[in-house]
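A.B. asks: So here's data_8.csv (CSV, C-alpha atoms).
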```csv
chain,number,residue,atom,x,y,z
A,952,ARG,CA,68.8,99.7,163.0
A,953,CYS,CA,67.7,103.1,163.7
A,954,LEU,CA,68.9,104.4,160.3
A,955,SER,CA,67.4,101.4,158.5
A,956,TYR,CA,64.0,101.9,160.3
A,957,ASN,CA,63.9,105.6,159.4
A,958,TYR,CA,64.7,104.8,155.8
A,959,GLN,CA,61.8,102.4,155.5
A,960,LEU,CA,59.4,105.0,156.9
A,961,PHE,CA,60.7,107.6,154.5
A,962,ALA,CA,60.4,105.2,151.6
A,963,GLY,CA,56.9,104.2,152.6
A,964,ASP,CA,55.8,107.8,152.9
A,965,ASP,CA,57.3,108.6,149.5
A,966,SER,CA,55.5,105.7,147.9
A,967,GLU,CA,52.2,106.8,149.4
A,968,THR,CA,52.7,110.3,148.2
A,969,ALA,CA,53.5,109.1,144.6
A,970,SER,CA,50.4,106.9,144.7
A,971,GLY,CA,48.3,109.8,145.9
A,972,THR,CA,49.6,112.0,143.1
A,973,ARG,CA,48.7,109.4,140.5
A,974,ALA,CA,45.2,109.1,141.9
A,975,ASP,CA,44.8,112.9,141.7
A,976,ASP,CA,46.0,112.9,138.1
A,977,LYS,CA,43.4,110.2,137.3
A,978,ASP,CA,40.7,112.3,138.9
A,979,LYS,CA,41.7,115.3,136.9
A,980,ASP,CA,41.7,113.3,133.7
A,981,LYS,CA,38.2,112.0,134.5
A,982,GLU,CA,37.0,115.5,135.1
A,983,LYS,CA,38.4,116.6,131.7
A,984,GLU,CA,36.6,113.7,130.1
A,985,GLU,CA,33.4,114.7,131.8
A,986,GLU,CA,33.6,118.4,130.9
A,987,VAL,CA,30.2,119.7,129.6
A,988,LYS,CA,30.1,119.8,125.8
A,989,ASP,CA,26.5,120.6,125.3
A,990,PHE,CA,23.3,120.8,127.4
A,991,LYS,CA,19.6,121.8,127.3
A,992,VAL,CA,17.8,124.4,129.3
A,993,LYS,CA,14.1,125.3,129.0
A,994,GLY,CA,13.8,123.7,125.6
A,995,VAL,CA,16.9,125.3,124.1
A,996,HIS,CA,20.0,123.2,123.2
A,997,TYR,CA,23.4,124.8,123.7
A,998,LYS,CA,26.9,123.8,122.6
A,999,VAL,CA,29.9,124.9,124.5
A,1000,LYS,CA,32.6,126.5,122.3
A,1001,ALA,CA,36.3,126.4,122.8
A,1002,ASP,CA,36.3,129.8,124.5
A,1003,GLY,CA,33.9,128.6,127.1
A,1004,GLU,CA,31.0,130.6,125.7
A,1005,VAL,CA,27.9,128.9,124.2
A,1006,GLU,CA,26.0,128.9,121.0
A,1007,VAL,CA,22.4,127.8,120.3
A,1008,ASP,CA,22.9,124.6,118.2
A,1009,ASP,CA,20.8,123.0,115.5
A,1010,LYS,CA,19.0,120.3,117.6
A,1011,GLY,CA,15.8,122.3,117.5
A,1012,THR,CA,13.2,122.1,120.4
A,1013,ASP,CA,10.2,120.1,121.5
A,1014,THR,CA,8.6,123.0,123.4
A,1015,THR,CA,6.1,125.7,122.1
A,1016,VAL,CA,7.7,128.7,123.8
A,1017,ILE,CA,11.4,129.5,124.0
A,1018,VAL,CA,13.5,132.4,125.2
A,1019,ILE,CA,17.1,132.7,124.0
A,1020,PRO,CA,18.8,134.6,126.9
A,1021,LYS,CA,22.0,136.6,127.1
A,1022,GLU,CA,23.3,134.2,129.7
A,1023,VAL,CA,22.3,130.6,130.7
A,1024,THR,CA,23.1,128.6,133.8
A,1025,TYR,CA,23.7,124.9,133.8
A,1026,ASN,CA,25.0,122.8,136.7
A,1027,LYS,CA,25.7,126.0,138.8
A,1028,LYS,CA,27.8,127.4,136.0
A,1029,THR,CA,26.8,130.5,134.0
A,1030,TYR,CA,27.6,130.7,130.3
A,1031,LYS,CA,27.4,133.7,128.0
A,1032,VAL,CA,25.2,133.0,124.9
A,1033,THR,CA,27.1,134.5,121.9
A,1034,SER,CA,25.7,133.0,118.8
A,1035,ILE,CA,22.9,131.0,117.1
A,1036,VAL,CA,23.9,128.6,114.4
A,1037,GLU,CA,22.4,128.6,110.9
A,1038,LYS,CA,19.2,126.6,110.6
A,1039,ALA,CA,19.0,126.3,114.4
A,1040,PHE,CA,15.2,125.7,114.3
A,1041,TYR,CA,14.7,125.1,110.6
A,1042,GLN,CA,11.3,123.7,109.8
A,1043,ASN,CA,10.4,123.2,113.5
A,1044,LYS,CA,6.7,122.4,113.8
A,1045,THR,CA,6.4,122.8,117.6
A,1046,LEU,CA,7.4,126.4,118.2
A,1047,LYS,CA,4.7,129.0,118.7
A,1048,SER,CA,6.5,131.9,120.5
A,1049,VAL,CA,10.1,133.0,120.3
A,1050,THR,CA,11.8,135.8,122.3
A,1051,ILE,CA,15.5,136.4,121.4
A,1052,GLU,CA,17.3,138.4,124.0
A,1053,GLY,CA,20.8,137.1,123.5
A,1054,GLY,CA,22.8,135.0,121.0
A,1055,GLY,CA,25.2,137.6,119.6
A,1056,THR,CA,24.2,140.4,117.2
A,1057,VAL,CA,22.9,138.4,114.2
A,1058,VAL,CA,19.9,136.2,113.7
A,1059,PRO,CA,21.6,133.9,111.1
A,1060,LYS,CA,20.5,132.5,107.7
A,1061,GLN,CA,17.4,130.2,107.8
A,1062,ALA,CA,17.5,130.1,111.6
A,1063,PHE,CA,13.7,129.8,111.9
A,1064,GLU,CA,12.7,129.2,108.3
A,1065,GLY,CA,9.5,127.3,107.9
A,1066,CYS,CA,8.6,127.2,111.6
A,1067,THR,CA,5.1,127.3,113.0
A,1068,LEU,CA,5.7,130.2,115.4
A,1069,THR,CA,3.0,132.9,115.8
A,1070,THR,CA,4.8,135.6,117.7
A,1071,LEU,CA,8.3,136.9,117.5
A,1072,LYS,CA,10.2,139.5,119.7
A,1073,ILE,CA,13.8,140.4,119.2
A,1074,GLY,CA,15.5,142.4,121.8
A,1075,GLU,CA,18.0,145.3,121.6
A,1076,GLY,CA,21.5,145.1,120.2
A,1077,PHE,CA,20.9,142.8,117.2
A,1078,LYS,CA,22.4,144.4,114.0
A,1079,SER,CA,21.2,142.0,111.4
A,1080,ILE,CA,18.4,139.6,110.6
A,1081,ASP,CA,20.0,137.5,107.8
A,1082,GLU,CA,18.8,135.8,104.7
A,1083,ALA,CA,15.6,133.8,105.0
A,1084,ALA,CA,15.8,133.8,108.8
A,1085,PHE,CA,12.1,133.7,109.2
A,1086,LYS,CA,11.0,132.9,105.6
A,1087,SER,CA,7.8,130.9,105.1
A,1088,CYS,CA,6.7,131.1,108.8
A,1089,THR,CA,3.1,131.1,107.6
A,1090,SER,CA,1.5,131.3,111.0
A,1091,LEU,CA,3.6,134.2,112.3
A,1092,SER,CA,1.3,137.1,113.0
A,1093,SER,CA,3.4,139.8,114.8
A,1094,VAL,CA,7.0,140.9,114.9
A,1095,GLU,CA,8.7,143.4,117.2
A,1096,VAL,CA,12.4,144.3,117.0
A,1097,GLY,CA,14.3,146.4,119.5
A,1098,THR,CA,16.7,149.2,118.8
A,1099,GLY,CA,20.1,148.6,117.2
A,1100,LEU,CA,18.9,146.7,114.1
A,1101,GLN,CA,20.6,147.9,111.0
A,1102,LYS,CA,19.7,145.4,108.3
A,1103,ILE,CA,16.9,143.0,107.3
A,1104,GLY,CA,18.3,140.5,104.9
A,1105,GLU,CA,17.0,139.1,101.6
A,1106,SER,CA,13.8,137.1,102.0
A,1107,ALA,CA,14.0,137.4,105.8
A,1108,PHE,CA,10.2,137.4,106.3
A,1109,GLU,CA,9.1,136.4,102.7
A,1110,GLY,CA,5.9,134.5,102.4
A,1111,ASN,CA,4.6,135.0,105.9
A,1112,THR,CA,1.0,135.2,104.8
A,1113,SER,CA,-0.4,135.7,108.3
A,1114,LEU,CA,1.9,138.5,109.3
A,1115,ALA,CA,-0.3,141.4,110.3
A,1116,SER,CA,1.8,143.7,112.5
A,1117,VAL,CA,5.5,144.7,112.2
A,1118,LYS,CA,7.4,147.1,114.5
A,1119,LEU,CA,10.9,148.1,113.5
A,1120,PRO,CA,13.4,150.4,115.2
A,1121,ASP,CA,14.6,153.8,113.9
A,1122,THR,CA,18.2,152.5,113.6
A,1123,LEU,CA,17.3,150.6,110.5
A,1124,GLU,CA,19.6,151.2,107.4
A,1125,GLU,CA,18.7,148.6,104.8
A,1126,ILE,CA,15.8,146.3,103.9
A,1127,GLU,CA,17.1,143.8,101.4
A,1128,LYS,CA,15.4,142.2,98.4
A,1129,ASN,CA,12.1,140.4,99.0
A,1130,ALA,CA,12.4,140.9,102.7
A,1131,PHE,CA,8.7,141.1,103.3
A,1132,LYS,CA,7.4,140.0,99.9
A,1133,ASP,CA,4.0,138.3,99.8
A,1134,CYS,CA,3.2,139.2,103.4
A,1135,THR,CA,-0.4,139.7,102.2
A,1136,GLN,CA,-2.0,140.4,105.7
A,1137,MET,CA,0.5,143.0,106.8
A,1138,ALA,CA,-1.7,146.0,107.6
A,1139,THR,CA,0.4,147.6,110.4
A,1140,LEU,CA,4.0,148.7,109.6
A,1141,GLU,CA,5.7,150.8,112.3
A,1142,MET,CA,8.9,151.9,110.5
A,1143,GLU,CA,10.0,155.4,111.2
A,1144,SER,CA,13.4,155.3,109.5
A,1145,VAL,CA,15.4,153.4,106.9
A,1146,SER,CA,18.5,155.5,106.1
A,1147,LYS,CA,20.1,153.8,103.1
A,1148,LYS,CA,17.8,151.6,100.9
A,1149,ILE,CA,14.6,149.7,100.5
A,1150,ALA,CA,15.6,147.1,98.0
A,1151,GLU,CA,13.9,145.4,95.1
A,1152,SER,CA,10.5,143.9,95.9
A,1153,ALA,CA,11.1,144.4,99.6
A,1154,PHE,CA,7.3,144.9,100.2
A,1155,GLU,CA,6.0,143.5,96.9
A,1156,ASN,CA,2.4,142.2,97.2
A,1157,CYS,CA,1.9,143.4,100.7
A,1158,SER,CA,-1.7,143.9,99.6
A,1159,SER,CA,-3.1,144.9,103.1
A,1160,LEU,CA,-0.6,147.7,103.7
A,1161,THR,CA,-2.3,151.1,103.8
A,1162,THR,CA,0.0,153.9,105.2
A,1163,PRO,CA,3.7,153.5,105.7
A,1164,LYS,CA,5.2,156.7,107.0
A,1165,LEU,CA,9.0,157.3,107.1
A,1166,THR,CA,10.2,160.4,109.0
A,1167,LYS,CA,13.6,159.6,107.5
A,1168,GLY,CA,13.4,157.8,104.2
A,1169,PRO,CA,16.1,155.8,102.4
A,1170,GLU,CA,18.5,157.2,99.9
A,1171,ASP,CA,17.2,154.6,97.4
A,1172,ILE,CA,13.9,153.0,96.8
A,1173,GLU,CA,14.6,150.2,94.3
A,1174,LYS,CA,12.6,148.5,91.6
A,1175,ASN,CA,9.2,147.0,92.6
A,1176,ALA,CA,9.8,147.9,96.2
A,1177,PHE,CA,6.1,148.4,96.9
A,1178,LYS,CA,4.7,146.8,93.8
A,1179,GLY,CA,1.2,145.3,94.2
A,1180,CYS,CA,0.4,147.0,97.5
A,1181,SER,CA,-3.1,147.5,96.3
A,1182,LYS,CA,-4.5,149.1,99.5
A,1183,LEU,CA,-1.7,151.6,99.9
A,1184,GLU,CA,-3.4,154.9,100.2
A,1185,GLU,CA,-0.8,157.4,101.3
A,1186,VAL,CA,3.0,157.5,101.2
A,1187,GLU,CA,5.1,160.2,103.1
A,1188,MET,CA,8.8,160.0,103.0
A,1189,GLU,CA,11.7,162.3,103.8
A,1190,GLN,CA,15.2,162.4,102.3
A,1191,VAL,CA,14.8,160.0,99.4
A,1192,SER,CA,17.9,161.7,97.9
A,1193,LYS,CA,19.3,159.4,95.3
A,1194,LYS,CA,16.9,157.2,93.3
A,1195,LEU,CA,13.3,156.4,93.0
A,1196,ALA,CA,13.4,153.3,90.8
A,1197,GLU,CA,11.2,151.9,88.0
A,1198,SER,CA,7.9,150.4,89.1
A,1199,ALA,CA,8.6,151.1,92.8
A,1200,PHE,CA,4.9,151.7,93.3
A,1201,ASP,CA,3.6,149.7,90.4
A,1202,ASN,CA,-0.1,148.6,90.7
A,1203,CYS,CA,-0.7,150.5,93.9
A,1204,THR,CA,-4.2,151.1,92.7
A,1205,SER,CA,-5.5,152.8,95.9
A,1206,LEU,CA,-2.7,155.4,96.1
A,1207,THR,CA,-4.0,158.9,96.3
A,1208,LYS,CA,-1.2,160.8,98.1
A,1209,PHE,CA,2.5,160.6,97.6
A,1210,LYS,CA,4.7,163.1,99.4
A,1211,LEU,CA,8.5,163.5,99.3
A,1212,THR,CA,10.2,166.3,101.2
A,1213,THR,CA,13.3,166.2,99.0
A,1214,SER,CA,13.6,165.5,95.3
A,1215,PRO,CA,15.7,162.4,94.3
A,1216,GLU,CA,18.6,162.8,92.0
A,1217,GLU,CA,17.1,160.2,89.7
A,1218,ILE,CA,13.4,159.3,89.1
A,1219,GLU,CA,13.1,156.3,86.7
A,1220,LYS,CA,10.2,155.7,84.3
A,1221,ASP,CA,6.9,154.2,85.4
A,1222,VAL,CA,7.5,154.6,89.1
A,1223,PHE,CA,3.7,154.5,89.7
A,1224,ASN,CA,2.3,152.8,86.6
A,1225,LEU,CA,-1.2,152.6,88.1
```
Before anything else, please render the file you have as structure tokens.
C.D. replies:
Amino acid sequence: RCLSYNYQLFAGDDSETASGTRADDKDKDKEKEEEVKDFKVKGVHYKVKADGEVEVDDKGTDTTVIVIPKEVTYNKKTYKVTSIVEKAFYQNKTLKSVTIEGGGTVVPKQAFEGCTLTTLKIGEGFKSIDEAAFKSCTSLSSVEVGTGLQKIGESAFEGNTSLASVKLPDTLEEIEKNAFKDCTQMATLEMESVSKKIAESAFENCSSLTTPKLTKGPEDIEKNAFKGCSKLEEVEMEQVSKKLAESAFDNCTSLTKFKLTTSPEEIEKDVFNL
């Protein structure tokens, strides 16, 4: 009897342990099912990636002011913000002010194209503002970008007809084709250095621009780069060493002073064509 009694206790204990293990497994499975896949904090939608970091997704926003941080906390867990998807805020008609502190090193293609934002500030560490990232933001009036930026992509700010003030860092290497084309109200351009090139039509028809000064100019100034900048009065650039292209300053009818500290290897025809 004693042996039988002990066996039953043992068997019962074992049964309870197995049952408890199955319950724990179910709880863990439930937790996995309930793992956070996406969330929203202060008007910005985030998607959790496979590596546990997050990206700003394409669900837009319903608020007027957003800050994209380097890190974001949700349900007591902190996530690193490592990217912004293409067209994240495309054609958003609510946004007024955007500050980008985190989200990787690139503001991607068409991320804010056609938005109604009025002010933009991009922090340090971003290497590229990609194609059409802020194109046709016709209410945008001021842009400030922190140090580290190397490239402004094609048509990045094209057609921003209210853009009056732009401040760019001295780390800039390239301004691509049509980057600021038709920014007709841009009177203030703080741009001390562009080391490699100002591409075709980069500042074409920036008809309010008066005096850009580059302490370190690009190797190349391409065709129509400043064409139609009709209020441009003085240009002073250093180290334009390779090419000054055709019609680079075409129809700059107010231009009275042009100074280069080095002579380019190639100066094409009709650079000024006033």
A.B. asks: Rank nothing, just name the residue among A:Leu1091, A:Cys1180, A:Ile1172, A:Leu1068 nearest to Ser1192 of chain A, using all atoms listed in the file.
C.D. replies: A:Ile1172
A.B. asks: Considering all atoms listed in the file, return as a PyMOL selection string whatever protein or nucleic-acid residues lie within 10 Å of segment 1141-1150 of chain A, sequence-local ones (same chain, fewer than 5 positions apart) excluded.
C.D. replies: chain A and resi 1095+1101-1105+1116-1130+1162-1177+1188-1194+1196+1199
A.B. asks: Rounded to one decimal in Å, what is the spacing between atom CA of Thr1029 of chain A and atom CA of Glu1004 of chain A?
C.D. replies: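 So the answer is 9.3 Å.
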A.B. asks: Which neighbours of segment 1070-1077 of chain A fall inside 9 Å, counting all atoms listed in the file, when residues of the same chain fewer than 4 positions from it are skipped, and could you give them as a PyMOL selection string?
C.D. replies: chain A and resi 1047-1058+1090-1101
A.B. asks: Dump as a PyMOL selection string all residues having an atom at most 12 Å from (3.1, 144.3, 96.2), computed in the file's coordinates with only C-alpha atoms.
C.D. replies: chain A and resi 1109-1110+1129-1137+1151-1161+1174-1183+1198-1204
A.B. asks: Within 9 Å of (24.4, 129.6, 124.2), in the coordinates the file gives, what residues turn up when you count all atoms listed in the file, written out as a PyMOL selection string?
C.D. replies: chain A and resi 995-1000+1004-1008+1019-1023+1030-1035+1053-1054
A.B. asks: To one decimal place in Å, what is the distance between atom CA of Glu1197 of chain A and atom CA of Ile1218 of chain A?
C.D. replies: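 Taking atom CA of Glu1197 of chain A as the start and atom CA of Ile1218 of chain A as the end point, the length is 7.8 Å.
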A.B. asks: For atom CA of Pro1059 of chain A and atom CA of Phe1108 of chain A, quote the distance in Å rounded to one decimal.
C.D. replies: 12.9 Å
A.B. asks: With distances taken over all atoms listed in the file, which of A:Gly994, A:Ala1039, A:Leu1195, A:Glu986 is nearest to Lys1220 of chain A?
C.D. replies: A:Leu1195
A.B. asks: Please list as a list in words every residue within 9 Å of Asn1043 of chain A, counting all atoms listed in the file and excluding residues in the same chain fewer than 4 positions away.
C.D. replies: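 Result of the neighbour search: Gly1011, Thr1012, Asp1013, Phe1063, Glu1064, Gly1065, Cys1066, Thr1067 and Leu1068 of chain A.
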A.B. asks: Quick one: of A:Ala1138, A:Leu1206, A:Cys1088, A:Val1016, who's nearest to Asn1111 of chain A, counting all atoms listed in the file?
C.D. replies: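 Nearest to Asn1111 of chain A: A:Cys1088.
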A.B. asks: Nearest to Phe1223 of chain A: which of A:Thr1069, A:Lys1060, A:Phe1209, A:Ser1106 is it, counting only C-alpha atoms?
C.D. replies: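 Of all the options, A:Phe1209 lies closest to Phe1223 of chain A.
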